[in-house]
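Dumped run21.pdb below, it's PDB, C-alpha atoms and all ligand atoms:
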```pdb
ATOM      1  CA  MET Y   1      92.990  97.512 117.376  1.00  0.00           C
ATOM      2  CA  ARG Y   2      96.514  97.648 115.939  1.00  0.00           C
ATOM      3  CA  ARG Y   3      97.818 100.809 114.312  1.00  0.00           C
ATOM      4  CA  ILE Y   4     100.609 100.630 111.747  1.00  0.00           C
ATOM      5  CA  ALA Y   5     101.966 103.713 109.987  1.00  0.00           C
ATOM      6  CA  LEU Y   6     104.073 104.060 106.865  1.00  0.00           C
ATOM      7  CA  VAL Y   7     106.601 106.759 107.629  1.00  0.00           C
ATOM      8  CA  GLN Y   8     109.531 108.204 105.715  1.00  0.00           C
ATOM      9  CA  GLN Y   9     110.266 111.889 105.362  1.00  0.00           C
ATOM     10  CA  LYS Y  10     111.604 111.345 101.869  1.00  0.00           C
ATOM     11  CA  GLY Y  11     108.873 111.543  99.213  1.00  0.00           C
ATOM     12  CA  GLY Y  12     108.574 108.830  96.578  1.00  0.00           C
ATOM     13  CA  ALA Y  13     109.727 106.042  98.926  1.00  0.00           C
ATOM     14  CA  ALA Y  14     106.487 104.065  98.356  1.00  0.00           C
ATOM     15  CA  LYS Y  15     104.638 104.961 101.578  1.00  0.00           C
ATOM     16  CA  THR Y  16     101.298 105.247  99.802  1.00  0.00           C
ATOM     17  CA  THR Y  17     101.929 102.232  97.574  1.00  0.00           C
ATOM     18  CA  LEU Y  18     102.771 100.017 100.564  1.00  0.00           C
ATOM     19  CA  CYS Y  19     100.037 101.464 102.757  1.00  0.00           C
ATOM     20  CA  VAL Y  20      97.236 100.471 100.390  1.00  0.00           C
ATOM     21  CA  HIS Y  21      98.868  97.163  99.450  1.00  0.00           C
ATOM     22  CA  LEU Y  22      99.403  96.056 103.039  1.00  0.00           C
ATOM     23  CA  ALA Y  23      95.871  97.140 103.957  1.00  0.00           C
ATOM     24  CA  VAL Y  24      94.396  95.061 101.138  1.00  0.00           C
ATOM     25  CA  ALA Y  25      96.620  92.089 102.082  1.00  0.00           C
ATOM     26  CA  ALA Y  26      95.442  92.327 105.694  1.00  0.00           C
ATOM     27  CA  GLN Y  27      91.802  92.631 104.643  1.00  0.00           C
ATOM     28  CA  GLN Y  28      92.210  89.578 102.370  1.00  0.00           C
ATOM     29  CA  SER Y  29      93.605  87.596 105.302  1.00  0.00           C
ATOM     30  CA  GLY Y  30      90.343  88.200 107.161  1.00  0.00           C
ATOM     31  CA  ILE Y  31      91.273  91.171 109.334  1.00  0.00           C
ATOM     32  CA  ARG Y  32      88.803  94.046 109.394  1.00  0.00           C
ATOM     33  CA  THR Y  33      91.074  96.828 108.139  1.00  0.00           C
ATOM     34  CA  ALA Y  34      90.822 100.529 107.287  1.00  0.00           C
ATOM     35  CA  ILE Y  35      93.215 103.151 105.959  1.00  0.00           C
ATOM     36  CA  ILE Y  36      93.613 106.621 107.440  1.00  0.00           C
ATOM     37  CA  ASP Y  37      95.306 109.077 105.099  1.00  0.00           C
ATOM     38  CA  ILE Y  38      96.786 112.137 106.796  1.00  0.00           C
ATOM     39  CA  ASP Y  39      98.754 113.292 103.745  1.00  0.00           C
ATOM     40  CA  PRO Y  40      97.150 116.563 102.527  1.00  0.00           C
ATOM     41  CA  GLN Y  41      98.055 115.422  98.993  1.00  0.00           C
ATOM     42  CA  ALA Y  42      95.503 112.652  99.537  1.00  0.00           C
ATOM     43  CA  SER Y  43      97.027 110.076  97.179  1.00  0.00           C
ATOM     44  CA  ALA Y  44      95.563 107.122  99.068  1.00  0.00           C
ATOM     45  CA  SER Y  45      92.166 108.644  99.845  1.00  0.00           C
ATOM     46  CA  GLY Y  46      91.635 110.893  96.828  1.00  0.00           C
ATOM     47  CA  VAL Y  47      93.264 109.084  93.954  1.00  0.00           C
ATOM     48  CA  TRP Y  48      93.255 105.387  94.917  1.00  0.00           C
ATOM     49  CA  GLY Y  49      90.163 105.539  97.155  1.00  0.00           C
ATOM     50  CA  LEU Y  50      88.096 107.312  94.519  1.00  0.00           C
ATOM     51  CA  ALA Y  51      89.047 104.799  91.847  1.00  0.00           C
ATOM     52  CA  ARG Y  52      88.305 101.951  94.266  1.00  0.00           C
ATOM     53  CA  GLY Y  53      84.824 103.008  95.328  1.00  0.00           C
ATOM     54  CA  ASP Y  54      83.098 101.058  98.109  1.00  0.00           C
ATOM     55  CA  LEU Y  55      85.306  97.958  98.147  1.00  0.00           C
ATOM     56  CA  ALA Y  56      87.008  97.239 101.540  1.00  0.00           C
ATOM     57  CA  PRO Y  57      89.245  98.399 103.099  1.00  0.00           C
ATOM     58  CA  PRO Y  58      87.743 101.896 103.384  1.00  0.00           C
ATOM     59  CA  VAL Y  59      90.011 104.957 103.213  1.00  0.00           C
ATOM     60  CA  ALA Y  60      89.408 108.135 105.219  1.00  0.00           C
ATOM     61  CA  ALA Y  61      91.187 111.460 104.743  1.00  0.00           C
ATOM     62  CA  VAL Y  62      91.893 112.919 108.166  1.00  0.00           C
ATOM     63  CA  LEU Y  63      93.813 115.966 109.431  1.00  0.00           C
ATOM     64  CA  ALA Y  64      96.864 115.017 111.497  1.00  0.00           C
ATOM     65  CA  ALA Y  65      95.407 116.977 114.412  1.00  0.00           C
ATOM     66  CA  GLU Y  66      92.329 114.724 114.288  1.00  0.00           C
ATOM     67  CA  LEU Y  67      94.185 111.416 114.017  1.00  0.00           C
ATOM     68  CA  ARG Y  68      93.576 110.379 117.598  1.00  0.00           C
ATOM     69  CA  ASP Y  69      89.819 110.976 117.357  1.00  0.00           C
ATOM     70  CA  ALA Y  70      89.676 109.147 114.019  1.00  0.00           C
ATOM     71  CA  LEU Y  71      91.450 106.126 115.529  1.00  0.00           C
ATOM     72  CA  GLU Y  72      89.052 106.047 118.450  1.00  0.00           C
ATOM     73  CA  ALA Y  73      86.079 106.227 116.071  1.00  0.00           C
ATOM     74  CA  ALA Y  74      87.505 103.388 113.942  1.00  0.00           C
ATOM     75  CA  GLU Y  75      87.980 101.211 117.009  1.00  0.00           C
ATOM     76  CA  ALA Y  76      84.417 101.923 118.140  1.00  0.00           C
ATOM     77  CA  GLU Y  77      83.231 100.840 114.679  1.00  0.00           C
ATOM     78  CA  GLY Y  78      84.942  97.476 115.122  1.00  0.00           C
ATOM     79  CA  PHE Y  79      88.028  97.823 112.928  1.00  0.00           C
ATOM     80  CA  LYS Y  80      90.908  95.607 114.109  1.00  0.00           C
ATOM     81  CA  LEU Y  81      93.736  97.119 112.105  1.00  0.00           C
ATOM     82  CA  ILE Y  82      94.477 100.598 110.792  1.00  0.00           C
ATOM     83  CA  PHE Y  83      97.148 101.543 108.285  1.00  0.00           C
ATOM     84  CA  ILE Y  84      98.113 105.202 108.346  1.00  0.00           C
ATOM     85  CA  ASP Y  85      99.564 106.894 105.264  1.00  0.00           C
ATOM     86  CA  THR Y  86     101.647 109.930 106.162  1.00  0.00           C
ATOM     87  CA  PRO Y  87     102.985 112.995 104.331  1.00  0.00           C
ATOM     88  CA  PRO Y  88     106.678 113.656 103.686  1.00  0.00           C
ATOM     89  CA  HIS Y  89     108.610 116.586 105.222  1.00  0.00           C
ATOM     90  CA  THR Y  90     106.254 117.356 108.076  1.00  0.00           C
ATOM     91  CA  ALA Y  91     107.743 116.794 111.479  1.00  0.00           C
ATOM     92  CA  PRO Y  92     104.733 118.106 113.465  1.00  0.00           C
ATOM     93  CA  ALA Y  93     102.360 115.643 111.758  1.00  0.00           C
ATOM     94  CA  LEU Y  94     104.850 112.829 112.329  1.00  0.00           C
ATOM     95  CA  GLU Y  95     105.025 113.698 116.009  1.00  0.00           C
ATOM     96  CA  VAL Y  96     101.252 113.108 116.236  1.00  0.00           C
ATOM     97  CA  VAL Y  97     101.610 109.849 114.309  1.00  0.00           C
ATOM     98  CA  ALA Y  98     104.427 108.614 116.556  1.00  0.00           C
ATOM     99  CA  ARG Y  99     102.279 109.198 119.639  1.00  0.00           C
ATOM    100  CA  ASN Y 100      99.381 107.172 118.225  1.00  0.00           C
ATOM    101  CA  ILE Y 101     100.806 104.024 116.614  1.00  0.00           C
ATOM    102  CA  ASP Y 102     102.029 100.566 117.611  1.00  0.00           C
ATOM    103  CA  VAL Y 103     104.474  99.937 114.754  1.00  0.00           C
ATOM    104  CA  ALA Y 104     106.170 102.072 112.095  1.00  0.00           C
ATOM    105  CA  VAL Y 105     107.107 100.609 108.720  1.00  0.00           C
ATOM    106  CA  VAL Y 106     109.798 102.728 107.072  1.00  0.00           C
ATOM    107  CA  PRO Y 107     110.136 102.293 103.290  1.00  0.00           C
ATOM    108  CA  VAL Y 108     113.642 103.061 102.042  1.00  0.00           C
ATOM    109  CA  GLN Y 109     114.736 103.218  98.413  1.00  0.00           C
ATOM    110  CA  PRO Y 110     118.191 101.760  97.844  1.00  0.00           C
ATOM    111  CA  SER Y 111     120.110 105.019  97.976  1.00  0.00           C
ATOM    112  CA  ILE Y 112     122.236 106.674 100.610  1.00  0.00           C
ATOM    113  CA  LEU Y 113     120.172 109.875 100.277  1.00  0.00           C
ATOM    114  CA  ASP Y 114     117.118 107.917 101.391  1.00  0.00           C
ATOM    115  CA  VAL Y 115     118.946 106.454 104.355  1.00  0.00           C
ATOM    116  CA  ALA Y 116     120.052 109.959 105.357  1.00  0.00           C
ATOM    117  CA  ALA Y 117     116.410 111.079 105.321  1.00  0.00           C
ATOM    118  CA  THR Y 118     115.566 108.103 107.541  1.00  0.00           C
ATOM    119  CA  GLN Y 119     117.659 109.334 110.481  1.00  0.00           C
ATOM    120  CA  ALA Y 120     115.314 112.197 111.449  1.00  0.00           C
ATOM    121  CA  THR Y 121     112.260 109.930 111.202  1.00  0.00           C
ATOM    122  CA  LEU Y 122     113.974 107.330 113.337  1.00  0.00           C
ATOM    123  CA  ASP Y 123     114.926 109.841 116.050  1.00  0.00           C
ATOM    124  CA  LEU Y 124     111.301 110.881 116.324  1.00  0.00           C
ATOM    125  CA  LEU Y 125     110.052 107.298 116.507  1.00  0.00           C
ATOM    126  CA  ARG Y 126     112.634 106.392 119.141  1.00  0.00           C
ATOM    127  CA  ALA Y 127     111.744 109.438 121.231  1.00  0.00           C
ATOM    128  CA  ASN Y 128     108.220 108.004 121.343  1.00  0.00           C
ATOM    129  CA  SER Y 129     109.336 104.358 121.878  1.00  0.00           C
ATOM    130  CA  VAL Y 130     107.700 103.187 118.632  1.00  0.00           C
ATOM    131  CA  PRO Y 131     109.087  99.896 117.252  1.00  0.00           C
ATOM    132  CA  ALA Y 132     110.237 100.515 113.677  1.00  0.00           C
ATOM    133  CA  ILE Y 133     111.179  98.250 110.802  1.00  0.00           C
ATOM    134  CA  ALA Y 134     112.571  99.196 107.394  1.00  0.00           C
ATOM    135  CA  VAL Y 135     111.678  97.736 104.021  1.00  0.00           C
ATOM    136  CA  LEU Y 136     113.692  98.233 100.847  1.00  0.00           C
ATOM    137  CA  THR Y 137     111.467  99.528  98.068  1.00  0.00           C
ATOM    138  CA  ARG Y 138     111.678 100.081  94.332  1.00  0.00           C
ATOM    139  CA  THR Y 139     114.776  97.906  94.139  1.00  0.00           C
ATOM    140  CA  SER Y 140     116.292  96.163  91.150  1.00  0.00           C
ATOM    141  CA  PRO Y 141     115.267  92.494  90.941  1.00  0.00           C
ATOM    142  CA  ARG Y 142     118.786  91.337  91.790  1.00  0.00           C
ATOM    143  CA  THR Y 143     120.992  92.315  94.711  1.00  0.00           C
ATOM    144  CA  ASP Y 144     123.304  95.088  93.543  1.00  0.00           C
ATOM    145  CA  GLU Y 145     125.886  97.361  95.165  1.00  0.00           C
ATOM    146  CA  GLU Y 146     123.274 100.040  95.987  1.00  0.00           C
ATOM    147  CA  ILE Y 147     121.158  97.518  97.872  1.00  0.00           C
ATOM    148  CA  LEU Y 148     124.161  96.220  99.822  1.00  0.00           C
ATOM    149  CA  GLU Y 149     125.295  99.754 100.640  1.00  0.00           C
ATOM    150  CA  THR Y 150     121.806 100.722 101.832  1.00  0.00           C
ATOM    151  CA  GLU Y 151     121.560  97.579 103.954  1.00  0.00           C
ATOM    152  CA  ARG Y 152     124.883  98.394 105.608  1.00  0.00           C
ATOM    153  CA  ALA Y 153     123.803 101.987 106.270  1.00  0.00           C
ATOM    154  CA  LEU Y 154     120.496 100.862 107.837  1.00  0.00           C
ATOM    155  CA  LYS Y 155     122.388  98.445 110.048  1.00  0.00           C
ATOM    156  CA  ALA Y 156     124.611 101.314 111.183  1.00  0.00           C
ATOM    157  CA  LEU Y 157     121.454 103.237 112.143  1.00  0.00           C
ATOM    158  CA  GLY Y 158     120.311 100.245 114.173  1.00  0.00           C
ATOM    159  CA  LEU Y 159     117.112  99.975 112.147  1.00  0.00           C
ATOM    160  CA  PRO Y 160     116.060  96.341 111.548  1.00  0.00           C
ATOM    161  CA  LEU Y 161     115.270  95.432 107.944  1.00  0.00           C
ATOM    162  CA  LEU Y 162     112.637  93.046 106.596  1.00  0.00           C
ATOM    163  CA  ASN Y 163     113.928  90.303 104.284  1.00  0.00           C
ATOM    164  CA  THR Y 164     111.293  90.924 101.623  1.00  0.00           C
ATOM    165  CA  ARG Y 165     112.222  93.615  99.114  1.00  0.00           C
ATOM    166  CA  VAL Y 166     109.665  95.443  97.026  1.00  0.00           C
ATOM    167  CA  VAL Y 167     111.056  95.396  93.493  1.00  0.00           C
ATOM    168  CA  GLU Y 168     110.354  98.202  91.006  1.00  0.00           C
ATOM    169  CA  ARG Y 169     107.554  96.734  88.845  1.00  0.00           C
ATOM    170  CA  LYS Y 170     105.124  98.457  86.530  1.00  0.00           C
ATOM    171  CA  VAL Y 171     102.221  96.388  87.862  1.00  0.00           C
ATOM    172  CA  TYR Y 172     102.246  98.353  91.153  1.00  0.00           C
ATOM    173  CA  ARG Y 173     101.464 101.562  89.289  1.00  0.00           C
ATOM    174  CA  ARG Y 174      98.904  99.898  87.023  1.00  0.00           C
ATOM    175  CA  ALA Y 175      97.023  98.336  89.933  1.00  0.00           C
ATOM    176  CA  LEU Y 176      96.982 101.612  91.876  1.00  0.00           C
ATOM    177  CA  THR Y 177      95.536 103.541  88.932  1.00  0.00           C
ATOM    178  CA  GLN Y 178      92.623 101.092  88.878  1.00  0.00           C
ATOM    179  CA  GLY Y 179      91.971 101.500  92.616  1.00  0.00           C
ATOM    180  CA  GLN Y 180      93.320  97.993  93.220  1.00  0.00           C
ATOM    181  CA  ALA Y 181      96.242  96.246  94.832  1.00  0.00           C
ATOM    182  CA  VAL Y 182      98.476  93.887  92.832  1.00  0.00           C
ATOM    183  CA  GLY Y 183      96.900  90.930  94.683  1.00  0.00           C
ATOM    184  CA  GLU Y 184      93.593  91.853  93.057  1.00  0.00           C
ATOM    185  CA  PHE Y 185      94.889  93.143  89.717  1.00  0.00           C
ATOM    186  CA  ASP Y 186      97.132  90.124  89.092  1.00  0.00           C
ATOM    187  CA  PRO Y 187      97.039  87.623  91.995  1.00  0.00           C
ATOM    188  CA  THR Y 188      99.702  85.325  90.516  1.00  0.00           C
ATOM    189  CA  SER Y 189     102.216  88.109  89.758  1.00  0.00           C
ATOM    190  CA  LYS Y 190     105.622  88.313  91.441  1.00  0.00           C
ATOM    191  CA  ALA Y 191     104.457  91.599  92.944  1.00  0.00           C
ATOM    192  CA  ALA Y 192     101.439  89.927  94.572  1.00  0.00           C
ATOM    193  CA  LYS Y 193     103.696  87.228  96.081  1.00  0.00           C
ATOM    194  CA  GLU Y 194     106.098  89.899  97.312  1.00  0.00           C
ATOM    195  CA  ILE Y 195     103.310  91.788  99.095  1.00  0.00           C
ATOM    196  CA  ARG Y 196     101.953  88.624 100.736  1.00  0.00           C
ATOM    197  CA  ALA Y 197     105.463  87.799 101.991  1.00  0.00           C
ATOM    198  CA  LEU Y 198     105.929  91.347 103.250  1.00  0.00           C
ATOM    199  CA  TRP Y 199     102.645  91.312 105.162  1.00  0.00           C
ATOM    200  CA  LYS Y 200     103.550  87.963 106.738  1.00  0.00           C
ATOM    201  CA  GLU Y 201     106.890  89.374 107.874  1.00  0.00           C
ATOM    202  CA  ILE Y 202     105.329  92.509 109.357  1.00  0.00           C
ATOM    203  CA  LEU Y 203     102.827  90.374 111.273  1.00  0.00           C
ATOM    204  CA  ALA Y 204     105.691  88.247 112.588  1.00  0.00           C
ATOM    205  CA  PHE Y 205     107.580  91.383 113.646  1.00  0.00           C
ATOM    206  CA  ASP Y 206     104.491  92.449 115.561  1.00  0.00           C
ATOM    207  CA  LYS Y 207     103.802  88.983 116.992  1.00  0.00           C
ATOM    208  CA  ASN Y 208     105.094  89.698 120.475  1.00  0.00           C
ATOM    209  CA  ARG Y 209     102.622  92.496 120.768  1.00  0.00           C
ATOM    210  CA  THR Y 210      99.535  90.855 119.313  1.00  0.00           C
ATOM    211  CA  SER Y 211      98.477  87.804 117.332  1.00  0.00           C
ATOM    212  CA  VAL Y 212      96.600  87.355 114.086  1.00  0.00           C
ATOM    213  CA  SER Y 213      93.819  85.591 115.954  1.00  0.00           C
ATOM    214  CA  ASP Y 214      93.257  88.768 117.963  1.00  0.00           C
ATOM    215  CA  LEU Y 215      92.697  90.589 114.713  1.00  0.00           C
ATOM    216  CA  THR Y 216      90.441  88.255 112.766  1.00  0.00           C
ATOM    217  CA  ASN Y 217      86.719  88.384 113.375  1.00  0.00           C
ATOM    218  CA  VAL Y 218      86.426  84.604 112.948  1.00  0.00           C
ATOM    219  CA  SER Y 219      88.659  83.782 115.895  1.00  0.00           C
ATOM    220  CA  SER Y 220      87.241  86.449 118.164  1.00  0.00           C
ATOM    221  CA  SER Y 221      83.697  85.196 117.549  1.00  0.00           C
ATOM    222  CA  LYS Y 222      84.961  81.644 118.206  1.00  0.00           C
ATOM    223  CA  ARG Y 223      86.442  82.807 121.499  1.00  0.00           C
ATOM    224  CA  ARG Y 224      83.172  84.400 122.496  1.00  0.00           C
ATOM    225  CA  ALA Y 225      81.272  81.205 121.648  1.00  0.00           C
TER     226      ALA Y 225
HETATM  227  N1  LIG Y 301     107.595  98.830  93.683  1.00  0.00           N
HETATM  228  C1  LIG Y 301     107.257  99.810  92.835  1.00  0.00           C
HETATM  229  N2  LIG Y 301     107.312  99.596  91.502  1.00  0.00           N
HETATM  230  C2  LIG Y 301     107.006 100.570  90.627  1.00  0.00           C
HETATM  231  N3  LIG Y 301     106.600 101.808  90.978  1.00  0.00           N
HETATM  232  C3  LIG Y 301     106.511 102.082  92.294  1.00  0.00           C
HETATM  233  C4  LIG Y 301     106.827 101.120  93.288  1.00  0.00           C
HETATM  234  N4  LIG Y 301     106.642 101.685  94.502  1.00  0.00           N
HETATM  235  C5  LIG Y 301     106.227 102.949  94.267  1.00  0.00           C
HETATM  236  N5  LIG Y 301     106.152 103.198  92.948  1.00  0.00           N
HETATM  237  C6  LIG Y 301     105.793 104.465  92.299  1.00  0.00           C
HETATM  238  O1  LIG Y 301     106.681 105.452  92.786  1.00  0.00           O
HETATM  239  C7  LIG Y 301     106.006 106.688  93.005  1.00  0.00           C
HETATM  240  C8  LIG Y 301     106.130 107.068  94.487  1.00  0.00           C
HETATM  241  O2  LIG Y 301     105.473 106.078  95.264  1.00  0.00           O
HETATM  242  P1  LIG Y 301     104.486 106.534  96.449  1.00  0.00           P
HETATM  243  O3  LIG Y 301     103.895 105.290  96.993  1.00  0.00           O
HETATM  244  O4  LIG Y 301     103.555 107.590  95.983  1.00  0.00           O
HETATM  245  O5  LIG Y 301     105.563 107.127  97.473  1.00  0.00           O
HETATM  246  P2  LIG Y 301     105.350 108.111  98.735  1.00  0.00           P
HETATM  247  O6  LIG Y 301     103.956 107.946  99.214  1.00  0.00           O
HETATM  248  O7  LIG Y 301     106.381 107.659  99.718  1.00  0.00           O
HETATM  249  O8  LIG Y 301     105.643 109.507  98.251  1.00  0.00           O
HETATM  250  C9  LIG Y 301     104.573 106.460  92.562  1.00  0.00           C
HETATM  251  O9  LIG Y 301     104.441 106.889  91.232  1.00  0.00           O
HETATM  252  C10 LIG Y 301     104.402 104.945  92.661  1.00  0.00           C
HETATM  253  O10 LIG Y 301     103.445 104.465  91.749  1.00  0.00           O
HETATM  254 MG    MG Y 302     102.384 109.241  99.518  1.00  0.00          MG
END
```
Let me see the structure of the file written as structure tokens.
Amino acid sequence: MRRIALVQQKGGAAKTTLCVHLAVAAQQSGIRTAIIDIDPQASASGVWGLARGDLAPPVAAVLAAELRDALEAAEAEGFKLIFIDTPPHTAPALEVVARNIDVAVVPVQPSILDVAATQATLDLLRANSVPAIAVLTRTSPRTDEEILETERALKALGLPLLNTRVVERKVYRRALTQGQAVGEFDPTSKAAKEIRALWKEILAFDKNRTSVSDLTNVSSSKRRA
């Protein structure tokens, strides 16, 4: 079972938005996925999960101290992929996360303040040898000076950056309110395409560590046959 966390100590960077969107994208690609929400604000579990109801992927609210047990339980239940949504400003919780994940996805808004907040997160991930990748979020549709400046600053930190940018679009908020992801709310939207591209890139980043066929039930049952 692969474990991917959305981490960024700065609030409002789109951790929760990307967590639920990537989990739905993974589920739609045939991977048995669940979300673990360790943010006490419970945006993913309380707000989105409640609106969503029983539709997969399931979302569980878990205390950071119980993350390890929750991951073991999820693996025993047969989940192949877990996305973890994390709270801002809580180093002790992040320490637990860093010890229990395979990959960290770090959403960064195009602003130098957000890059500055990324440094502490990155130090913690590196101390625990967690591979990390940044994604620019809530950007303008076109490349502007802020984006270029942020890209340069991330490069200086030595944090690799995904090519796909998540543009600021109203449809992300509208889908979330309905307990959906943009791929469900409006499958042909630019946002839905963006999320599919992002998920593909994250899988490719992780490809040396695992393969999609290890994660999909179809292929594993084929292998057993
Ligand atoms: N690409 C986007 N387009 C429009 N609104 C977004 C986008 N990403 C996030 N938001 C909005 O920005 C706010 C913060 O996002 P959220 O995912 O809650 O961040 P975090 O979990 O990092 O605090 C929310 O209101 C969310 O709906
Ligand atoms: Mg959040």
* Atom-to-atom span, CA of Ala117 (chain Y) and CA of Arg68 (chain Y), Å ->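 Computing it gives 25.9 Å between the two atoms.
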* At most 10 Å from ligand MG 302 (chain Y) (all atoms listed in the file): residue list as an NGL selection string -> :Y and (6-8 or 10-19 or 37-44 or 85-88)
* Structure fact -> Of Y:Ala93, Y:Val106, Y:Ile112, Y:Ala153, the one nearest to ligand LIG 301 (chain Y) when counting all atoms listed in the file is Y:Val106
* To do: May I ask which of the residues Y:Ala192, Y:Ala25, Y:Leu63, Y:Ala51 is the closest one to ligand LIG 301 (chain Y), counting only C-alpha atoms and all ligand atoms?
  =>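 Using only C-alpha atoms and all ligand atoms, ligand LIG 301 (chain Y) sits closest to Y:Ala192.
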* Asked: What is the CA of Leu122 (chain Y) to CA of Phe79 (chain Y) distance in Å?
  -> 27.6 Å
* To do: Considering all atoms listed in the file, state which residue in the set Y:Leu148, Y:Ala74, Y:Ala60, Y:Leu136 is at the smallest distance from ligand LIG 301 (chain Y).
  =>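 Going through Y:Leu148, Y:Ala74, Y:Ala60, Y:Leu136 one by one, the smallest distance to ligand LIG 301 (chain Y) is for Y:Leu136.
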